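Data from query04.cif: mmCIF, C-alpha atoms
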data_work
loop_
_atom_site.group_PDB
_atom_site.id
_atom_site.type_symbol
_atom_site.label_atom_id
_atom_site.label_comp_id
_atom_site.auth_asym_id
_atom_site.auth_seq_id
_atom_site.Cartn_x
_atom_site.Cartn_y
_atom_site.Cartn_z
ATOM 1 C CA MET A 1 -24.456 -18.106 19.396
ATOM 2 C CA GLU A 2 -24.321 -17.379 15.694
ATOM 3 C CA THR A 3 -21.349 -18.992 13.988
ATOM 4 C CA THR A 4 -21.549 -16.525 11.102
ATOM 5 C CA LYS A 5 -20.126 -13.695 13.156
ATOM 6 C CA PHE A 6 -16.524 -12.899 12.350
ATOM 7 C CA LEU A 7 -14.081 -14.458 14.862
ATOM 8 C CA THR A 8 -16.881 -16.100 16.840
ATOM 9 C CA PRO A 9 -15.993 -19.698 15.779
ATOM 10 C CA ILE A 10 -12.365 -19.051 16.747
ATOM 11 C CA ASN A 11 -12.802 -17.428 20.144
ATOM 12 C CA SER A 12 -16.327 -16.761 21.306
ATOM 13 C CA GLN A 13 -15.255 -15.096 24.574
ATOM 14 C CA SER A 14 -13.200 -12.430 22.765
ATOM 15 C CA ALA A 15 -15.693 -12.090 19.911
ATOM 16 C CA ILE A 16 -18.560 -11.028 22.180
ATOM 17 C CA PRO A 17 -16.831 -7.882 23.503
ATOM 18 C CA LEU A 18 -15.538 -7.138 19.997
ATOM 19 C CA SER A 19 -19.044 -7.358 18.592
ATOM 20 C CA THR A 20 -20.448 -5.244 21.431
ATOM 21 C CA SER A 21 -17.709 -2.608 21.135
ATOM 22 C CA TRP A 22 -18.122 -2.361 17.386
ATOM 23 C CA ALA A 23 -21.914 -2.060 17.687
ATOM 24 C CA SER A 24 -21.422 0.709 20.233
ATOM 25 C CA LEU A 25 -19.116 2.624 17.860
ATOM 26 C CA CYS A 26 -21.626 2.266 15.045
ATOM 27 C CA THR A 27 -24.391 3.783 17.156
ATOM 28 C CA THR A 28 -22.179 6.554 18.582
ATOM 29 C CA TYR A 29 -20.630 8.033 15.428
ATOM 30 C CA PRO A 30 -22.005 8.861 11.970
ATOM 31 C CA PRO A 31 -21.075 5.976 9.618
ATOM 32 C CA GLY A 32 -19.056 8.157 7.249
ATOM 33 C CA LEU A 33 -17.085 9.742 10.090
ATOM 34 C CA LEU A 34 -16.349 6.351 11.640
ATOM 35 C CA GLU A 35 -15.207 5.117 8.231
ATOM 36 C CA LEU A 36 -12.850 8.094 7.848
ATOM 37 C CA ILE A 37 -11.363 7.589 11.328
ATOM 38 C CA LEU A 38 -10.757 3.896 10.648
ATOM 39 C CA LEU A 39 -9.082 4.570 7.294
ATOM 40 C CA VAL A 40 -6.750 7.229 8.724
ATOM 41 C CA THR A 41 -5.896 4.956 11.656
ATOM 42 C CA THR A 42 -5.137 2.069 9.283
ATOM 43 C CA GLN A 43 -2.861 4.305 7.215
ATOM 44 C CA ILE A 44 -0.930 5.329 10.329
ATOM 45 C CA ILE A 45 -0.599 1.815 11.769
ATOM 46 C CA PHE A 46 0.252 -0.057 8.581
ATOM 47 C CA PHE A 47 2.237 2.521 6.607
ATOM 48 C CA TRP A 48 3.555 5.374 8.721
ATOM 49 C CA ILE A 49 4.667 3.314 11.715
ATOM 50 C CA PRO A 50 6.417 0.517 9.708
ATOM 51 C CA SER A 51 8.057 3.072 7.383
ATOM 52 C CA THR A 52 9.273 5.087 10.370
ATOM 53 C CA LEU A 53 10.666 1.978 12.071
ATOM 54 C CA LEU A 54 12.532 1.012 8.901
ATOM 55 C CA LEU A 55 13.960 4.532 8.654
ATOM 56 C CA LEU A 56 15.041 4.357 12.300
ATOM 57 C CA LEU A 57 16.742 1.064 11.476
ATOM 58 C CA ASP A 58 18.716 2.904 8.776
ATOM 59 C CA LEU A 59 19.722 5.678 11.168
ATOM 60 C CA THR A 60 20.275 3.705 14.376
ATOM 61 C CA PHE A 61 22.039 0.625 13.027
ATOM 62 C CA PRO A 62 23.852 1.804 9.870
ATOM 63 C CA ALA A 63 26.194 -1.199 9.721
ATOM 64 C CA PHE A 64 23.281 -3.650 9.878
ATOM 65 C CA SER A 65 21.328 -1.534 7.409
ATOM 66 C CA ASN A 66 24.167 -1.353 4.877
ATOM 67 C CA HIS A 67 24.708 -5.098 5.145
ATOM 68 C CA HIS A 68 21.068 -5.894 4.368
ATOM 69 C CA LYS A 69 20.316 -3.170 1.831
ATOM 70 C CA ILE A 70 19.955 -4.659 -1.647
ATOM 71 C CA GLN A 71 21.811 -1.827 -3.346
ATOM 72 C CA SER A 72 25.131 -0.367 -2.207
ATOM 73 C CA GLU A 73 25.483 2.547 0.189
ATOM 74 C CA ARG A 74 26.525 4.951 -2.561
ATOM 75 C CA ARG A 75 23.091 4.646 -4.230
ATOM 76 C CA GLN A 76 21.018 5.151 -1.075
ATOM 77 C CA PRO A 77 19.022 8.408 -0.825
ATOM 78 C CA THR A 78 20.585 11.298 1.050
ATOM 79 C CA TRP A 79 19.015 12.782 4.182
ATOM 80 C CA PRO A 80 17.676 15.855 2.294
ATOM 81 C CA HIS A 81 16.023 13.490 -0.225
ATOM 82 C CA ILE A 82 14.523 11.450 2.602
ATOM 83 C CA LYS A 83 13.099 14.532 4.347
ATOM 84 C CA HIS A 84 11.664 15.796 1.062
ATOM 85 C CA CYS A 85 10.081 12.386 0.440
ATOM 86 C CA ILE A 86 8.448 12.264 3.885
ATOM 87 C CA TYR A 87 7.130 15.813 3.508
ATOM 88 C CA HIS A 88 5.647 15.030 0.091
ATOM 89 C CA VAL A 89 4.026 11.789 1.278
ATOM 90 C CA ALA A 90 2.559 13.577 4.301
ATOM 91 C CA GLU A 91 1.235 16.296 2.006
ATOM 92 C CA ASN A 92 -0.433 13.684 -0.228
ATOM 93 C CA ASN A 93 -1.965 11.894 2.759
ATOM 94 C CA ILE A 94 -3.231 15.051 4.440
ATOM 95 C CA THR A 95 -4.672 16.397 1.188
ATOM 96 C CA SER A 96 -6.507 13.144 0.425
ATOM 97 C CA THR A 97 -7.817 12.986 4.003
ATOM 98 C CA ILE A 98 -9.149 16.547 3.790
ATOM 99 C CA ILE A 99 -10.814 15.775 0.462
ATOM 100 C CA HIS A 100 -12.338 12.620 1.955
ATOM 101 C CA TRP A 101 -13.656 14.585 4.944
ATOM 102 C CA VAL A 102 -15.154 17.331 2.771
ATOM 103 C CA VAL A 103 -16.857 14.794 0.500
ATOM 104 C CA SER A 104 -18.160 12.882 3.529
ATOM 105 C CA TYR A 105 -19.470 16.116 5.044
ATOM 106 C CA LEU A 106 -21.237 17.095 1.827
ATOM 107 C CA LEU A 107 -22.777 13.614 1.644
ATOM 108 C CA GLU A 108 -23.894 13.902 5.286
ATOM 109 C CA PHE A 109 -21.315 11.288 6.279
ATOM 110 C CA ARG A 110 -22.770 8.504 4.212
ATOM 111 C CA PRO A 111 -20.072 5.791 4.017
ATOM 112 C CA LEU A 112 -18.529 4.220 0.926
ATOM 113 C CA PHE A 113 -18.460 0.792 2.561
ATOM 114 C CA ARG A 114 -20.868 -1.068 4.797
ATOM 115 C CA VAL A 115 -20.690 0.391 8.285
ATOM 116 C CA GLU A 116 -23.141 -1.685 10.272
ATOM 117 C CA PRO A 117 -23.211 -3.170 13.785
ATOM 118 C CA LYS A 118 -23.092 -6.750 12.529
ATOM 119 C CA LEU A 119 -19.573 -8.071 11.974
ATOM 120 C CA PRO A 120 -18.747 -9.795 8.659
ATOM 121 C CA SER A 121 -18.539 -13.568 8.578
ATOM 122 C CA GLU A 122 -15.211 -15.325 8.085
ATOM 123 C CA SER A 123 -16.250 -16.607 4.663
ATOM 124 C CA GLU A 124 -17.264 -13.115 3.555
ATOM 125 C CA VAL A 125 -13.944 -11.681 4.714
ATOM 126 C CA PHE A 126 -11.985 -14.403 2.908
ATOM 127 C CA LYS A 127 -13.896 -13.979 -0.370
ATOM 128 C CA ASP A 128 -13.608 -10.187 -0.303
ATOM 129 C CA LEU A 129 -9.882 -10.300 0.462
ATOM 130 C CA ALA A 130 -9.191 -12.853 -2.268
ATOM 131 C CA PHE A 131 -11.158 -10.833 -4.812
ATOM 132 C CA GLY A 132 -9.485 -7.602 -3.719
ATOM 133 C CA ILE A 133 -5.933 -8.943 -3.981
ATOM 134 C CA VAL A 134 -6.488 -10.369 -7.473
ATOM 135 C CA ALA A 135 -8.402 -7.333 -8.780
ATOM 136 C CA ARG A 136 -5.851 -4.928 -7.344
ATOM 137 C CA GLU A 137 -3.039 -6.802 -9.070
ATOM 138 C CA VAL A 138 -4.776 -6.575 -12.442
ATOM 139 C CA LEU A 139 -5.610 -2.882 -12.066
ATOM 140 C CA PHE A 140 -2.181 -1.938 -10.738
ATOM 141 C CA TYR A 141 -0.226 -3.870 -13.374
ATOM 142 C CA TYR A 142 -1.910 -2.255 -16.375
ATOM 143 C CA ILE A 143 -2.058 1.232 -14.834
ATOM 144 C CA HIS A 144 1.619 0.907 -13.951
ATOM 145 C CA ARG A 145 2.476 -0.145 -17.502
ATOM 146 C CA LEU A 146 0.515 2.845 -18.814
ATOM 147 C CA LEU A 147 2.430 5.201 -16.534
ATOM 148 C CA HIS A 148 5.640 3.956 -18.160
ATOM 149 C CA HIS A 149 4.445 5.042 -21.619
ATOM 150 C CA PRO A 150 6.961 7.606 -22.961
ATOM 151 C CA ARG A 151 4.264 10.250 -23.410
ATOM 152 C CA ILE A 152 3.200 9.914 -19.758
ATOM 153 C CA TYR A 153 6.279 8.777 -17.858
ATOM 154 C CA ARG A 154 8.252 12.030 -17.709
ATOM 155 C CA TYR A 155 5.223 14.055 -16.618
ATOM 156 C CA VAL A 156 3.857 11.702 -13.964
ATOM 157 C CA HIS A 157 5.690 8.491 -13.036
ATOM 158 C CA LYS A 158 9.241 9.856 -13.283
ATOM 159 C CA LYS A 159 8.785 11.486 -9.889
ATOM 160 C CA HIS A 160 8.387 8.097 -8.201
ATOM 161 C CA HIS A 161 11.453 6.738 -9.990
ATOM 162 C CA GLN A 162 13.699 9.474 -8.635
ATOM 163 C CA PHE A 163 14.420 6.882 -5.952
ATOM 164 C CA THR A 164 16.475 4.341 -7.920
ATOM 165 C CA ALA A 165 17.256 2.727 -4.573
ATOM 166 C CA PRO A 166 13.837 2.836 -2.897
ATOM 167 C CA MET A 167 12.983 3.238 0.775
ATOM 168 C CA ALA A 168 9.692 2.498 2.543
ATOM 169 C CA PHE A 169 8.350 6.058 2.474
ATOM 170 C CA ALA A 170 9.057 6.239 -1.274
ATOM 171 C CA ALA A 171 6.187 3.774 -1.828
ATOM 172 C CA GLN A 172 3.824 6.774 -1.733
ATOM 173 C CA TYR A 173 6.223 9.333 -3.170
ATOM 174 C CA ALA A 174 4.291 10.072 -6.330
ATOM 175 C CA HIS A 175 2.746 12.724 -8.545
ATOM 176 C CA PRO A 176 -0.863 13.426 -7.447
ATOM 177 C CA ILE A 177 -2.188 11.809 -10.643
ATOM 178 C CA GLU A 178 -0.210 8.644 -9.932
ATOM 179 C CA HIS A 179 -1.182 8.704 -6.269
ATOM 180 C CA LEU A 180 -4.829 8.680 -7.334
ATOM 181 C CA THR A 181 -4.696 6.256 -10.268
ATOM 182 C CA ALA A 182 -2.019 3.763 -9.178
ATOM 183 C CA ASN A 183 -1.912 3.927 -5.381
ATOM 184 C CA PHE A 184 -5.485 4.764 -4.407
ATOM 185 C CA LEU A 185 -7.978 3.452 -6.962
ATOM 186 C CA PRO A 186 -6.599 -0.118 -7.413
ATOM 187 C CA ILE A 187 -7.036 -0.619 -3.673
ATOM 188 C CA LEU A 188 -10.370 1.185 -3.318
ATOM 189 C CA LEU A 189 -12.354 0.004 -6.340
ATOM 190 C CA PRO A 190 -12.358 -3.827 -5.911
ATOM 191 C CA LEU A 191 -13.910 -3.852 -2.442
ATOM 192 C CA LEU A 192 -16.068 -0.842 -3.230
ATOM 193 C CA TYR A 193 -17.517 -2.939 -6.053
ATOM 194 C CA ARG A 194 -18.094 -5.780 -3.592
ATOM 195 C CA ARG A 195 -19.748 -3.362 -1.136
ATOM 196 C CA ALA A 196 -17.515 -4.876 1.532
ATOM 197 C CA HIS A 197 -17.766 -4.305 5.255
ATOM 198 C CA ILE A 198 -15.552 -1.428 6.436
ATOM 199 C CA LEU A 199 -13.602 -3.744 8.768
ATOM 200 C CA THR A 200 -12.858 -6.079 5.871
ATOM 201 C CA TYR A 201 -11.630 -3.128 3.839
ATOM 202 C CA CYS A 202 -9.392 -2.017 6.714
ATOM 203 C CA ILE A 203 -7.809 -5.485 6.832
ATOM 204 C CA TYR A 204 -7.293 -5.382 3.072
ATOM 205 C CA LEU A 205 -5.960 -1.809 3.169
ATOM 206 C CA GLY A 206 -3.595 -2.663 6.012
ATOM 207 C CA TYR A 207 -2.230 -5.649 4.090
ATOM 208 C CA SER A 208 -1.736 -3.537 0.956
ATOM 209 C CA LEU A 209 0.026 -0.732 2.840
ATOM 210 C CA LEU A 210 2.321 -3.099 4.713
ATOM 211 C CA GLU A 211 3.130 -4.880 1.451
ATOM 212 C CA THR A 212 4.060 -1.725 -0.412
ATOM 213 C CA ALA A 213 6.163 -0.398 2.500
ATOM 214 C CA SER A 214 8.142 -3.652 2.768
ATOM 215 C CA THR A 215 8.465 -3.913 -1.016
ATOM 216 C CA HIS A 216 10.011 -0.445 -1.228
ATOM 217 C CA SER A 217 12.142 -0.900 1.885
ATOM 218 C CA GLY A 218 15.271 -1.853 -0.050
ATOM 219 C CA TYR A 219 15.996 -4.616 2.475
ATOM 220 C CA ASP A 220 16.864 -8.139 1.409
ATOM 221 C CA PHE A 221 14.976 -9.871 4.240
ATOM 222 C CA PHE A 222 11.458 -9.066 2.951
ATOM 223 C CA TYR A 223 10.438 -12.142 0.970
ATOM 224 C CA PHE A 224 6.720 -12.249 1.772
ATOM 225 C CA PRO A 225 4.233 -11.184 0.535
ATOM 226 C CA LEU A 226 6.585 -9.829 -2.110
ATOM 227 C CA LYS A 227 10.357 -9.902 -2.373
ATOM 228 C CA ALA A 228 11.767 -6.390 -2.040
ATOM 229 C CA ARG A 229 14.594 -7.430 -4.377
ATOM 230 C CA ARG A 230 12.078 -7.912 -7.195
ATOM 231 C CA HIS A 231 10.708 -4.379 -6.981
ATOM 232 C CA ASP A 232 14.144 -2.959 -6.310
ATOM 233 C CA LEU A 233 15.098 -4.278 -9.738
ATOM 234 C CA HIS A 234 12.130 -2.432 -11.247
ATOM 235 C CA HIS A 235 13.437 0.845 -9.821
ATOM 236 C CA GLU A 236 16.856 0.104 -11.286
ATOM 237 C CA LYS A 237 15.856 -1.161 -14.742
ATOM 238 C CA PHE A 238 12.418 0.568 -15.102
ATOM 239 C CA ASP A 239 10.890 -1.839 -17.672
ATOM 240 C CA VAL A 240 10.576 -5.086 -15.681
ATOM 241 C CA ASN A 241 8.569 -6.377 -12.714
ATOM 242 C CA PHE A 242 5.598 -4.034 -13.053
ATOM 243 C CA GLY A 243 3.191 -6.084 -10.951
ATOM 244 C CA GLY A 244 2.957 -6.741 -7.260
ATOM 245 C CA LEU A 245 2.845 -10.454 -7.992
ATOM 246 C CA TRP A 246 4.700 -12.233 -10.776
ATOM 247 C CA VAL A 247 1.801 -13.744 -12.772
ATOM 248 C CA LEU A 248 1.012 -10.856 -15.151
ATOM 249 C CA ASP A 249 4.712 -10.064 -15.548
ATOM 250 C CA TRP A 250 5.280 -13.683 -16.561
ATOM 251 C CA LEU A 251 2.314 -13.544 -18.945
ATOM 252 C CA HIS A 252 3.571 -10.354 -20.646
ATOM 253 C CA GLY A 253 7.262 -11.204 -20.620
ATOM 254 C CA THR A 254 8.249 -8.528 -18.115
ATOM 255 C CA ASP A 255 9.122 -10.849 -15.235
ATOM 256 C CA MET A 256 12.694 -10.754 -13.931
ATOM 257 C CA SER A 257 12.068 -12.089 -10.438
ATOM 258 C CA ASP A 258 15.353 -13.958 -10.190
ATOM 259 C CA ALA A 259 17.599 -11.465 -11.980
ATOM 260 C CA VAL A 260 20.373 -9.592 -10.225
ATOM 261 C CA GLY A 261 20.595 -5.814 -10.537
ATOM 262 C CA LEU A 262 23.708 -3.983 -11.643
ATOM 263 C CA ASP A 263 24.186 -2.571 -8.162
ATOM 264 C CA ASP A 264 22.897 -5.594 -6.255
ATOM 265 C CA LYS A 265 25.507 -6.298 -3.598
ATOM 266 C CA LYS A 266 24.420 -9.914 -3.359
ATOM 267 C CA GLY A 267 25.262 -10.381 -7.011
ATOM 268 C CA LYS A 268 28.851 -9.289 -6.631
#

structure tokens encoding of this file:
Amino acid sequence: METTKFLTPINSQSAIPLSTSWASLCTTYPPGLLELILLVTTQIIFFWIPSTLLLLLDLTFPAFSNHHKIQSERRQPTWPHIKHCIYHVAENNITSTIIHWVVSYLLEFRPLFRVEPKLPSESEVFKDLAFGIVAREVLFYYIHRLLHHPRIYRYVHKKHHQFTAPMAFAAQYAHPIEHLTANFLPILLPLLYRRAHILTYCIYLGYSLLETASTHSGYDFFYFPLKARRHDLHHEKFDVNFGGLWVLDWLHGTDMSDAVGLDDKKGK
């Protein structure tokens, strides 16, 4: 048995049916259509479901929610704001999915990533993920800084900052230009450049979506992969903590990872 197949060295009995099932999917569906289905499924599993569960936590256990929210109850978004946010995010997602489908159709469902029966090796997955995380951080940091430029901010990025106390769904509450340049491209381009396997990209996309949902959750118990408190402070002060990680913020003097916000309950 080849040890280069992804998951095979860990559990060969489970890897064989995985490899067979994946090969069957690749021969059953056009590559571009399979790619589109996987990307939509990843978006639902790693963004919509976690964001919905966090919202249900707000609604079902308000006492617990208020205790663990970083900012006080008076600054939390109202129900009309929440419904508007969800509608707008759904609109962005549906529009981008339709555009993706149309482009795929016009290109005869040729995929952006490698959609092939052979599974990626563990080393390939690790290298692609490491490259993607670092490249995404660099792209996102500088695009995010640009969106805060006075000549751009009020026309584009101000929409996202309407939520001074963020919630998970607000991670994708953005002007279409921001949704494309800050949310979509920094995730897409690094692994597109690497010509990564579609399954590797789905892992990377899932990680990125789960990270941004937890970061915008407003809850104090999300410390990995990024403390929600750190990004919460960005929404409160606007000109600090631009990056997903702290390295570029530290390099450019915009890091306030350990600061306490004006409305941070834990700082009172």

Handout entry: Spatial neighbours of region 243-252 of chain A, 8 Å, all atoms listed in the file, chain gap at least 2 places, as a ChimeraX atom specification
Key = /A:137-138,140-141,144,226,240-241,254-255,257

Taking all atoms of region 76-89 of chain A that the file lists, what box with edges along x, y and z, padded by 3 Å per side, do you get, with centre and edge lengths in Å to one decimal, as lines of an AutoDock Vina configuration file?
center_x = 12.5
center_y = 10.5
center_z = 1.6
size_x = 23.0
size_y = 16.7
size_z = 11.4

Practice task
With the file shown as input, list the residues that the PyMOL selection byres ((chain A and resi 26) around 12) selects, as an MDAnalysis selection string.
Solution key: chainID A and resid 19:25 27:35 38 111 114:119 198:199

Exercise for the section: Apply the PyMOL selection byres ((chain A and resi 101) around 12) to the displayed file and report the matching residues as a list of chain:residue names. Expected result: A:Gly32, A:Leu33, A:Leu34, A:Glu35, A:Leu36, A:Ile37, A:Leu39, A:Val40, A:Ile94, A:Thr95, A:Ser96, A:Thr97, A:Ile98, A:Ile99, A:His100, A:Val102, A:Val103, A:Ser104, A:Tyr105, A:Leu106, A:Leu107, A:Glu108, A:Phe109, A:Arg110, A:Pro111

Quick one: contact table of region 185-215 of chain A to region 46-62 of chain A, 12 Å max, nearest atom pair and distance in Å to one decimal per residue, counting only C-alpha atoms, chain and number order, as a tab-separated table?
residue	atom	partner	partner_atom	distance
A:Cys202	CA	A:Phe46	CA	10.0
A:Ile203	CA	A:Phe46	CA	9.9
A:Tyr204	CA	A:Phe46	CA	10.8
A:Leu205	CA	A:Phe46	CA	8.4
A:Gly206	CA	A:Phe46	CA	5.3
A:Tyr207	CA	A:Phe46	CA	7.6
A:Ser208	CA	A:Phe46	CA	8.6
A:Leu209	CA	A:Phe47	CA	5.4
A:Leu210	CA	A:Phe46	CA	5.3
A:Glu211	CA	A:Phe47	CA	9.1
A:Thr212	CA	A:Phe47	CA	8.4
A:Ala213	CA	A:Ser51	CA	6.3
A:Ser214	CA	A:Ser51	CA	8.2
A:Thr215	CA	A:Ser51	CA	10.9

Exercise for the section: Would you list the residues near (-11.7, -4.4, -10.2) (no more than 12 Å away, in the coordinates of the file, using all atoms listed in the file) as a ChimeraX atom specification? Expected result: /A:128,130-142,185-194

Problem - Proximity to Ala182 (chain A) - best of A:Arg145, A:Lys127, A:His161, A:His216, only C-alpha atoms - result: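 Using only C-alpha atoms, the shortest distance to Ala182 (chain A) belongs to A:Arg145.
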
Completion exercise
One decimal place gives the CA of Lys158 (chain A)-CA of Ala228 (chain A) separation as 19.9 Å

Completion exercise
Using only C-alpha atoms, the residue out of A:Thr41, A:Asn92, A:Gln76, A:Gln162 with shortest distance to Phe184 (chain A) is A:Asn92

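One finds CA of Leu233 (chain A) at 22.4 Å from CA of Thr181 (chain A).
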
Take region 117-128 of chain A, bring it up to N, CA and C atoms, and give me the output as an mmCIF file, in the coordinates of the input.
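Below is the file part.cif, written as the result:
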data_model
loop_
_atom_site.group_PDB
_atom_site.id
_atom_site.type_symbol
_atom_site.label_atom_id
_atom_site.label_comp_id
_atom_site.auth_asym_id
_atom_site.auth_seq_id
_atom_site.Cartn_x
_atom_site.Cartn_y
_atom_site.Cartn_z
ATOM 1 N N PRO A 117 -23.576 -2.528 12.512
ATOM 2 C CA PRO A 117 -23.211 -3.170 13.785
ATOM 3 C C PRO A 117 -22.804 -4.639 13.642
ATOM 4 N N LYS A 118 -23.394 -5.334 12.693
ATOM 5 C CA LYS A 118 -23.092 -6.750 12.529
ATOM 6 C C LYS A 118 -21.719 -6.940 11.899
ATOM 7 N N LEU A 119 -20.904 -7.791 12.496
ATOM 8 C CA LEU A 119 -19.573 -8.071 11.974
ATOM 9 C C LEU A 119 -19.668 -8.998 10.759
ATOM 10 N N PRO A 120 -18.723 -8.902 9.825
ATOM 11 C CA PRO A 120 -18.747 -9.795 8.659
ATOM 12 C C PRO A 120 -18.373 -11.213 9.053
ATOM 13 N N SER A 121 -18.888 -12.175 8.317
ATOM 14 C CA SER A 121 -18.539 -13.568 8.578
ATOM 15 C C SER A 121 -17.137 -13.860 8.061
ATOM 16 N N GLU A 122 -16.549 -14.938 8.531
ATOM 17 C CA GLU A 122 -15.211 -15.325 8.085
ATOM 18 C C GLU A 122 -15.185 -15.613 6.589
ATOM 19 N N SER A 123 -16.214 -16.282 6.084
ATOM 20 C CA SER A 123 -16.250 -16.607 4.663
ATOM 21 C C SER A 123 -16.363 -15.348 3.811
ATOM 22 N N GLU A 124 -17.139 -14.375 4.283
ATOM 23 C CA GLU A 124 -17.264 -13.115 3.555
ATOM 24 C C GLU A 124 -15.930 -12.382 3.514
ATOM 25 N N VAL A 125 -15.245 -12.348 4.649
ATOM 26 C CA VAL A 125 -13.944 -11.681 4.714
ATOM 27 C C VAL A 125 -12.963 -12.341 3.752
ATOM 28 N N PHE A 126 -12.914 -13.670 3.775
ATOM 29 C CA PHE A 126 -11.985 -14.403 2.908
ATOM 30 C C PHE A 126 -12.269 -14.132 1.431
ATOM 31 N N LYS A 127 -13.524 -14.197 1.036
ATOM 32 C CA LYS A 127 -13.896 -13.979 -0.370
ATOM 33 C C LYS A 127 -13.576 -12.553 -0.811
ATOM 34 N N ASP A 128 -13.876 -11.584 0.045
ATOM 35 C CA ASP A 128 -13.608 -10.187 -0.303
ATOM 36 C C ASP A 128 -12.108 -9.929 -0.415
#
